[in-house]
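Asker: Here's a structure for you.
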Amino acid sequence: MLRRNFVKTVSAVAVTAALGLASFNALAAETIKVGILHSLSGTMAISETALKETVLMAIAEINSKGGVLGKQLEPVVVDPASNWPLFAEKARQLLSQDKVAVTFGCWTSVSRKSVLPVYKELNGLLFYPVQYEGEELEYNVFYTGAAPNQQAIPAVEYLMSKDGGSAKRFVLLGTDYVYPRTTNKILRAFLKSKGVADADIMEEYTPFGHSDYQTIIAKIKKFSSEGKRTAVISTINGDSNVPFYKELGNAGIKATDVPVVAFSVGEEELRGVDTKPLVGHLAAWNYFMTLKNPANDGFTRAYRAWAVKEKLPNADKAVTNDPMEATYIGVYMWKQAVEKAKSTDVDKVIAAMAGQTFKAPDGFTVKMDEKNHHLHKPVFIGEIRADGQFDVVWKTPGPIKAAPWSPYIPGNDKKKGEPEGK
Amino acid sequence: MRTIGAIVFGWLLSISGAHAAIDPALLTPLASAGNDAKITAITALVDAAQREALPVLKAMAKGSLALAGERVVIVDGEHVIDAATNTEIMPAPELTESIGINNRLRRELASTLASLRLFSNDREVRWDAAQELASGTDAELLPLLEKALASETDPEIKARLQMAHAQGSLASSDAAVRLNAVRVLGDSGDPNICQLLQALTEKNGDSWVEPDSAVRAAAGTSIRAIEKRLAFAENVGRAFTGVSLASILLLAALGLAITYGVMGVINMAHGELLMVGAYSAWAMQGVFQAYLPNLLDWYLLAAIPVGFLAAALVGVLMERVVIRHLYGRPLETLLATWGISLFLIQLARTVFGAQNVEVANPVWMAGGIEVLPNLLLPWNRIIIIGFSVAVLAAMWAILNLSRMGMFVRAVTQNRPMAGCVGVPTGRIDTMAFGLGAGIAGLGGVALSQIANVGPDMGQGYIVDSFMVVVLGGVGQLAGAVWAALGLGVLTKFLEGWTGAVVAKIAVLVIIIIFIQKRPQGLFALKGRFVES
């Protein structure tokens with residue numbers, strides 16, 4: 001048996017190699033190229049590496065079931081190294097040199113803003129899988145992460161509710177770039193509309209890769225001692241979260257006194273942290289690994305198996321998180337759209353994306369909005385457990401529609417809920 | 001919380017020794033959907049079966065309560081214990097649902113448990129309970145606290161309880177009781193109490209929250225007393241964070257103080273030597289995990305010599321292969337070491353992967369020591385400060401007391417003359433460079449405990465390290481110490497004032513101005529040199 005398989009494999013390899021040599025160009029045309037644009041080094045690698053793996057896994061799944069339109073998908077992985085201008089260069093390379101049909105990529109908003117002009121100029125197609133600040137609606141981009149009304153606003157409403165601890169004072173803490181700044185602008189306006197005074201809001205920023213959070217923690221302690229119940233809203237991104245949470249745990253800030261709710265921290269980021277002192281701190285997402293439903297069981301099992309097979313570091317502790325789920329949804333929705341359009345042509349696929357649905361690991365059938373390029377998603381708020389996973393303590397009854405133009409920013413009411421067409 | 005005080009008080013009067021089973025009908029509501037229902041269920045449970053409720057509520061606070069069908073059970077690892085009878089169920093039943101709690105319930109459970117524990121025989125347990133109650137008590141607990149105060153003998157716990165009692169008394173209708181309570185609270189150093197008192201001095205519409213003017217005046221005095229204590233604690237805390245940052249800067253820069261400061265080699269790969277040290281800590285953690293899992297908490301001690309040797313080895317190789325051919329040619333040295341730096345980063349990326357690796361804090365470095373009510377000094381910072389002092393002392397001893405240190409000083413002061421009297425200058429160079437690299441490795445081991453360990457980690461420290469050495473004055477260890485201390489405290493002071501982003505810029509501007517005014521740094525080497 002073994003021997004026969006061996007012979008079979010060898011001959012298959014030989015035939016493939018011969019074919020490949022004989023008609024290299026012909027074979028190349030048989031695949032559809034898919035670009036993966038995630039930082040695999042630098043400060044964002046902690047978050048983005050898992051997204052690359054998710055795309056690769058989804059591609060392998062699709063390929064094993066016969067590919068798309070009878071063609072195999074061929075991943076093209078590049079490493080923009082947490083370097084924002086490099087994102088644009090790599091995007092240009094993917095589009096004009098590799099001629100990818102679609103790109104899955106970016107985490108930080110600054111990287112997305114950096115590649116946007118390239119995708120517009122070359123009419124490419126980008127799937128962006130991370131929650132972000134909104135204020136954007138591009139024809140060439142599909143946003144499979146949350147807009148502020150699908151994450152930030154519900155999280156703050158929860159903190160202000162009786163169950164969330166009736167917080168009256170807020171610390172807005174973030175990394176210094178466009179996403180935290182814009183989100184905090186929206187949150188400040190939102191809090192004001194709820195009657196929170198400016199004196200009860202403290203805004204703090206740290207540079208990318210910041211690792212000394214002693215002063216910030218001391219400030220939070222002081223601020224929380226000056227008045228009513230305080231909550232911290234963290235938009236810290238990347239590997240700074242590890243020293244931040246370590247310091248938080250060591251400084252003895254308990255979630256029952258000053259809860260910290262994070263928008264960019266999930267299961268993956270917490271892998272390197274001892275979460276026992278952090279029990280009860282929160283995160284708001286559209287997916288948690290602990291959700292119980294058949295789609296999620298399949299997804300987590302598949303990713304664990306993938307991690308073991310690919311020998312990823314710490315594969316035995318592999319976790320899934322929200323942006324990974326959003327990535328996974330994105331790949332499958334793109335596949336469905338291509339099949340509907342019967343072409344990988346960017347304009348046709350964009351038209352076919354409207355209204356696509358997918359049975360997502362979040363337990364709902366999520367839908368791509370007909371107009372605004374965003375997903376309808378459910379919102380979950382989870383508390384950190386001692387094992388680094390999250391317990392869902394609050395959720396929306398079903399998916400809600402994204403509002404990329406936040407009503408809390410003046411002038412947005414006049415903006416259209418769909419991208420300027422071509 | 002509402003009625004717990006009265007309930008527990010009632011329980012005290014009727015303590016029964018028998019350990020009866022809890023009525024399962026009381027337990028099932030703990031699994032209700034809403035938090036309000038859960039809180040009602042907790043109150044009802046404590047009301048009906050105080051003593052037996054303790055293990056159940058403890059389990060609930062830990063999140064280990066679950067449902068097995070209709071039955072509420074406590075999950076303890078492999079064992080499943082029936083919450084009603086407190087006996088293990090064999091064989092373990094299938095768990096249908098775990099009973100989740102959130103922060104609101106956690107708070108609720110904490111004060112309920114504290115009030116139940118006030119009468120424990122264990123001093124530690126009572127102390128924790130009193131501590132918990134002292135930072136948040138309401139009037140319902142007063143009878144219970146009075147009872148506990150009467151039976152409490154330990155003066156420290158008694159003081160805490162009095163504090164809690166005074167908080168409860170603030171709502172009393174008797175002005176004299178309130179006045180007394182406000183005065184007692186003036187001895188506190190707790191920011192929560194300051195908040196509480198502040199509320200008394202505020203106006204609610206036209207009328208005062210506190211109608212009695214004598215109580216208001218006393219509250220004002222108490223607030224000022226507490227604020228004085230708070231301000232003191234805050235300043236101590238700020239100084240501590242400054243010293244802590246200084247210790248990290250010093251550890252990062254000490255190695256460079258030898259290679260650049262003493263030997264004059266502009267070593268751009270210094271940050272990567274730190275990285276080598278940090279990866280050694282990670283590697284030792286892996287070794288301990290695989291071979292000595294019982295001693296895992298002590299891997300860091302083994303990492304210290306390993307980090308030193310690994311970095312020293314890299315340093316010696318660098319010196320032998322590249323740097324020795326470039327002495328006296330600073331520009332080429334700079335370029336060559338920069339190349340080595342890129343090479344080492346890429347090597348780490350290839351060998352260990354581009355992602356950060358996880359280096360866990362040992363248990364003895366987690367948490368902190370509470371010096372004052374609002375001042376908690378984390379152990380990892382304290383240990384790193386101690387470590388940097390130890391490294392500094394060791395280095396001073398090597399340079400000033402050992403024969404090799406004497407040779408190093410001789411070679412750096414006058415190379416030809418040292419050679420003439422028989423000092424093997426070539427070998428001394430190698431050893432000194434290895435020593436500097438090894439010290440950088442030690443710095444890396446320390447950094448692995450507070451910062452991220454990844455291939456690029458060194459890049460973040462190279463600028464800071466050069467800053468410390470240049471500011472301190474080239475060729476001086478004392479200079480590096482003072483410069484690190486100055487930079488650490490200055491940065492922390494500015495951060496507290498302007499935020500981290502502006503502070504970083506401000507520090508750089510200040511250094512540029514300083515170096516312009518005083519190019520030789522804080523301390524200049526005195527004496528005559530061949531070069532000058």
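A note on labels: chains of the structure tokens are A, B, ... as shown, every chain counts residues from 1, and ligands are counted from 1 in their shown order.
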As a PyMOL selection string, which residues of range 89-280 of chain A does DSSP assign to helix (DSSP H, G or I)?

Answerer: chain A and resi 89-97+109-121+148-150+152-160+178-193+198-200+214-225+238-250+269-272+276-278

Asker: When the cut-off is 6 Å and we count only C-alpha atoms, which residues of chain A are near chain B, given as a PDB file with N, CA and C atoms, in the first residue's frame?

Answerer:
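So the final result, stored in part-v9.pdb, reads:
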```
ATOM      1  N   SER A  41       6.742  41.098  10.341  1.00  0.00           N
ATOM      2  CA  SER A  41       7.795  41.489  11.266  1.00  0.00           C
ATOM      3  C   SER A  41       7.469  42.888  11.758  1.00  0.00           C
ATOM      4  N   ALA A  45       3.524  42.595  13.867  1.00  0.00           N
ATOM      5  CA  ALA A  45       3.574  41.170  13.526  1.00  0.00           C
ATOM      6  C   ALA A  45       2.789  40.332  14.524  1.00  0.00           C
ATOM      7  N   ASP A 163     -24.971  46.986  34.407  1.00  0.00           N
ATOM      8  CA  ASP A 163     -24.194  45.751  34.369  1.00  0.00           C
ATOM      9  C   ASP A 163     -22.718  46.009  34.126  1.00  0.00           C
ATOM     10  N   THR A 206       0.386  57.023  23.218  1.00  0.00           N
ATOM     11  CA  THR A 206       1.778  56.585  23.292  1.00  0.00           C
ATOM     12  C   THR A 206       2.247  56.253  21.883  1.00  0.00           C
ATOM     13  N   PRO A 207       3.555  56.325  21.643  1.00  0.00           N
ATOM     14  CA  PRO A 207       4.046  55.987  20.295  1.00  0.00           C
ATOM     15  C   PRO A 207       3.917  54.482  20.020  1.00  0.00           C
ATOM     16  N   SER A 211       6.983  50.813  25.435  1.00  0.00           N
ATOM     17  CA  SER A 211       7.028  49.649  26.317  1.00  0.00           C
ATOM     18  C   SER A 211       7.072  50.015  27.794  1.00  0.00           C
ATOM     19  N   SER A 225      -9.030  58.086  41.054  1.00  0.00           N
ATOM     20  CA  SER A 225      -9.248  58.379  42.471  1.00  0.00           C
ATOM     21  C   SER A 225      -9.860  59.757  42.651  1.00  0.00           C
ATOM     22  N   GLY A 227     -12.657  60.995  41.333  1.00  0.00           N
ATOM     23  CA  GLY A 227     -14.096  61.200  41.214  1.00  0.00           C
ATOM     24  C   GLY A 227     -14.834  59.903  41.048  1.00  0.00           C
ATOM     25  N   PRO A 243       3.471  44.793  27.254  1.00  0.00           N
ATOM     26  CA  PRO A 243       3.916  45.521  28.446  1.00  0.00           C
ATOM     27  C   PRO A 243       2.788  46.269  29.150  1.00  0.00           C
ATOM     28  N   ASN A 250       0.560  43.998  37.299  1.00  0.00           N
ATOM     29  CA  ASN A 250       1.475  44.193  38.422  1.00  0.00           C
ATOM     30  C   ASN A 250       1.050  45.346  39.315  1.00  0.00           C
ATOM     31  N   THR A 256     -12.706  45.088  38.786  1.00  0.00           N
ATOM     32  CA  THR A 256     -13.884  45.502  39.531  1.00  0.00           C
ATOM     33  C   THR A 256     -13.783  46.966  39.948  1.00  0.00           C
ATOM     34  N   GLY A 272       0.816  36.060  25.043  1.00  0.00           N
ATOM     35  CA  GLY A 272       2.099  36.267  25.712  1.00  0.00           C
ATOM     36  C   GLY A 272       1.974  36.881  27.095  1.00  0.00           C
ATOM     37  N   GLY A 280     -11.566  39.781  34.134  1.00  0.00           N
ATOM     38  CA  GLY A 280     -12.622  40.782  34.245  1.00  0.00           C
ATOM     39  C   GLY A 280     -12.419  41.995  33.366  1.00  0.00           C
TER      40      GLY A 280
END
```

Asker: If we count only C-alpha atoms, what is near Gly69 in chain B at a cut-off of 9 Å, once residues fewer than 2 positions away on the same chain are taken out, given as a ChimeraX atom specification?

Answerer: /B:67,71-72,93-97

Asker: If you run DSSP on the backbone here, which positions in range 66-281 of chain A get strand (DSSP E or B)? Please write them as a PyMOL selection string.

Answerer: chain A and resi 68+71-78+102-105+126-128+141-143+169-175+201-206+230-235+260-262

Asker: Can I get the selection written as a tab-separated table (two decimals), in the first residue's frame, with C-alpha atoms?

Answerer:
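The result, stored in selection01.tsv:
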```
chain	number	residue	atom	x	y	z
A	68	VAL	CA	-12.65	28.86	-7.80
A	71	LYS	CA	-8.88	27.21	-11.06
A	72	GLN	CA	-6.60	26.82	-8.07
A	73	LEU	CA	-5.84	29.86	-5.92
A	74	GLU	CA	-2.19	30.82	-5.65
A	75	PRO	CA	-1.22	32.90	-2.61
A	76	VAL	CA	1.38	35.64	-3.03
A	77	VAL	CA	2.71	36.60	0.42
A	78	VAL	CA	4.66	39.81	0.95
A	102	VAL	CA	-7.63	40.34	-4.91
A	103	THR	CA	-5.61	41.33	-1.85
A	104	PHE	CA	-6.32	40.48	1.76
A	105	GLY	CA	-4.37	42.78	3.98
A	126	LEU	CA	-8.69	45.02	-1.11
A	127	PHE	CA	-10.38	43.16	1.72
A	128	TYR	CA	-9.68	44.88	5.05
A	141	VAL	CA	-12.21	48.20	-0.56
A	142	PHE	CA	-14.48	45.82	1.33
A	143	TYR	CA	-14.44	46.27	5.10
A	169	ARG	CA	-15.37	58.99	33.98
A	170	PHE	CA	-13.38	57.72	31.02
A	171	VAL	CA	-9.72	57.38	30.12
A	172	LEU	CA	-9.23	57.20	26.35
A	173	LEU	CA	-5.86	55.55	25.89
A	174	GLY	CA	-4.38	54.77	22.51
A	175	THR	CA	-1.42	54.43	20.21
A	201	ILE	CA	-12.47	62.47	30.05
A	202	MET	CA	-8.72	61.96	29.94
A	203	GLU	CA	-7.04	61.30	26.60
A	204	GLU	CA	-3.55	59.78	26.42
A	205	TYR	CA	-1.43	58.58	23.52
A	206	THR	CA	1.78	56.58	23.29
A	230	THR	CA	-13.81	55.27	36.02
A	231	ALA	CA	-13.34	53.02	32.99
A	232	VAL	CA	-10.43	52.86	30.55
A	233	ILE	CA	-11.00	52.53	26.81
A	234	SER	CA	-7.86	51.22	25.19
A	235	THR	CA	-7.06	51.53	21.52
A	260	VAL	CA	-10.22	48.36	30.86
A	261	VAL	CA	-12.06	47.68	27.63
A	262	ALA	CA	-9.84	47.11	24.60
```

Asker: Quick one, how far is CA of Leu133 in chain B from CA of Ser111 in chain B?

Answerer: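 Computed distance, CA of Leu133 in chain B to CA of Ser111 in chain B, equals 6.7 Å.
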
Asker: Name all residues at most 9 Å from Tyr119 in chain A (count only C-alpha atoms; drop same-chain ones fewer than 2 positions away) and give them as a list in words.

Answerer: Ala91, Arg92, Leu95, Val115, Leu116, Pro117, Glu121, Leu122, Asn123, Gly124, Leu125, Leu126, Asn140 and Val141 of chain A

Asker: Selected residues, N, CA and C atoms, written as a CSV table (one decimal), in the first residue's frame, please.

Answerer:
```
chain,number,residue,atom,x,y,z
A,91,ALA,N,2.0,46.9,-2.1
A,91,ALA,CA,0.7,46.8,-2.8
A,91,ALA,C,0.8,47.0,-4.3
A,92,ARG,N,1.7,48.0,-4.6
A,92,ARG,CA,1.9,48.2,-6.1
A,92,ARG,C,2.5,47.0,-6.7
A,95,LEU,N,-0.1,44.4,-7.3
A,95,LEU,CA,-1.1,44.7,-8.4
A,95,LEU,C,-0.4,44.7,-9.7
A,115,VAL,N,-2.1,52.4,1.4
A,115,VAL,CA,-2.3,51.7,0.2
A,115,VAL,C,-3.5,52.1,-0.7
A,116,LEU,N,-4.4,52.9,0.0
A,116,LEU,CA,-5.6,53.3,-0.8
A,116,LEU,C,-5.3,53.9,-2.1
A,117,PRO,N,-4.4,54.9,-2.2
A,117,PRO,CA,-4.2,55.5,-3.5
A,117,PRO,C,-3.8,54.5,-4.6
A,121,GLU,N,-5.8,53.9,-8.0
A,121,GLU,CA,-5.1,54.1,-9.2
A,121,GLU,C,-5.1,52.9,-10.2
A,122,LEU,N,-4.8,51.7,-9.6
A,122,LEU,CA,-4.7,50.6,-10.4
A,122,LEU,C,-6.0,49.7,-10.4
A,123,ASN,N,-7.0,50.3,-9.8
A,123,ASN,CA,-8.3,49.6,-9.7
A,123,ASN,C,-8.2,48.2,-9.2
A,124,GLY,N,-7.6,48.1,-8.0
A,124,GLY,CA,-7.4,46.8,-7.4
A,124,GLY,C,-8.6,46.5,-6.4
A,125,LEU,N,-8.5,45.4,-5.8
A,125,LEU,CA,-9.5,45.0,-4.8
A,125,LEU,C,-8.9,44.6,-3.5
A,126,LEU,N,-9.3,45.3,-2.4
A,126,LEU,CA,-8.7,45.0,-1.1
A,126,LEU,C,-9.8,44.6,-0.1
A,140,ASN,N,-12.9,50.5,-4.0
A,140,ASN,CA,-12.0,49.3,-4.2
A,140,ASN,C,-11.8,48.5,-2.9
A,141,VAL,N,-12.5,48.9,-1.8
A,141,VAL,CA,-12.2,48.2,-0.6
A,141,VAL,C,-13.5,47.6,0.0
```

Asker: Leaving out Pro85 in chain A and any residue of its chain fewer than 6 positions from it, which residues lie within 10 Å of it when counting only C-alpha atoms, given as a compact mmCIF listing (two decimals) with C-alpha atoms, in the first residue's frame?

Answerer:
```txt
# COMPACT_ATOMS: atom_id res chain seq x y z
CA VAL A 110 -2.41 54.10 8.73
CA SER A 111 -1.33 51.16 6.55
CA LYS A 113 -4.60 54.81 4.20
CA SER A 114 -1.13 54.27 2.74
CA VAL A 115 -2.26 51.67 0.18
```

Asker: Excluding range 57-59 of chain B and its own-chain neighbours fewer than 5 positions away, which residues fall within 10 Å of it when counting only C-alpha atoms? Please give them as a ChimeraX atom specification.

Answerer: /B:30,42,45-46,52,64-66,73-76,83,109-110,112-113

Asker: Just N, CA and C atoms for this one: save the residues we selected as a short mmCIF file (atom, residue, chain, number, x, y, z; two decimals), in the first residue's frame.

Answerer:
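Result saved to again-v2.cif:
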```cif
data_model
loop_
_atom_site.label_atom_id
_atom_site.label_comp_id
_atom_site.auth_asym_id
_atom_site.auth_seq_id
_atom_site.Cartn_x
_atom_site.Cartn_y
_atom_site.Cartn_z
N LEU B 30 -29.16 30.83 40.87
CA LEU B 30 -27.83 31.40 40.61
C LEU B 30 -27.50 31.34 39.12
N ILE B 42 -28.21 35.37 45.10
CA ILE B 42 -27.10 35.33 46.06
C ILE B 42 -27.61 35.76 47.43
N LEU B 45 -29.71 33.13 48.97
CA LEU B 45 -28.91 31.98 49.39
C LEU B 45 -28.24 32.26 50.73
N VAL B 46 -27.61 33.43 50.85
CA VAL B 46 -26.93 33.79 52.09
C VAL B 46 -27.94 33.88 53.22
N GLU B 52 -23.09 27.39 54.75
CA GLU B 52 -22.94 26.50 53.61
C GLU B 52 -22.75 27.28 52.31
N SER B 64 -16.13 28.94 38.72
CA SER B 64 -16.08 27.48 38.55
C SER B 64 -17.41 26.83 38.91
N LEU B 65 -18.48 27.63 38.93
CA LEU B 65 -19.80 27.07 39.16
C LEU B 65 -20.40 26.69 37.80
N ALA B 66 -21.07 25.55 37.75
CA ALA B 66 -21.64 25.14 36.46
C ALA B 66 -22.96 24.41 36.69
N VAL B 73 -23.35 22.60 40.19
CA VAL B 73 -22.16 21.89 40.67
C VAL B 73 -20.95 22.81 40.69
N ILE B 74 -19.97 22.43 41.50
CA ILE B 74 -18.71 23.17 41.57
C ILE B 74 -17.68 22.35 40.80
N VAL B 75 -17.03 22.96 39.83
CA VAL B 75 -16.04 22.24 39.05
C VAL B 75 -14.66 22.54 39.62
N ASP B 76 -13.95 21.49 40.02
CA ASP B 76 -12.62 21.66 40.58
C ASP B 76 -11.68 20.74 39.81
N ALA B 83 -23.02 21.21 44.60
CA ALA B 83 -23.00 22.43 45.41
C ALA B 83 -23.94 22.30 46.60
N LEU B 109 -20.01 39.76 44.86
CA LEU B 109 -19.55 38.57 45.55
C LEU B 109 -18.40 38.91 46.50
N ALA B 110 -17.53 39.82 46.06
CA ALA B 110 -16.37 40.15 46.89
C ALA B 110 -16.83 40.71 48.23
N THR B 112 -19.83 40.42 49.65
CA THR B 112 -20.58 39.40 50.39
C THR B 112 -19.62 38.43 51.07
N LEU B 113 -18.63 37.97 50.30
CA LEU B 113 -17.67 37.02 50.86
C LEU B 113 -16.88 37.66 51.99
#
```

Asker: Rounded to one decimal place, report the CA of Val273 in chain A-CA of Val242 in chain A distance in Å.

Answerer: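 Atom-to-atom, CA of Val273 in chain A to CA of Val242 in chain A, that is 6.2 Å.
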
Asker: Do a neighbour search on Asp23 in chain B at 9 Å with only C-alpha atoms, toss out local chain neighbours closer than 5 positions, and write the hits as a VMD selection string.

Answerer: chain B and resid 48 to 49 84 to 85

Asker: The selected residues should be written to file as a PDB file, in the first residue's frame (atoms: C-alpha atoms).

Answerer:
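This went into out-v7.pdb:
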```pdb
ATOM      1  CA  ALA B  48     -31.163  30.868  54.038  1.00  0.00           C
ATOM      2  CA  ALA B  49     -27.874  29.043  54.462  1.00  0.00           C
ATOM      3  CA  ALA B  84     -25.998  21.444  47.517  1.00  0.00           C
ATOM      4  CA  THR B  85     -24.354  18.710  49.537  1.00  0.00           C
TER       5      THR B  85
END
```
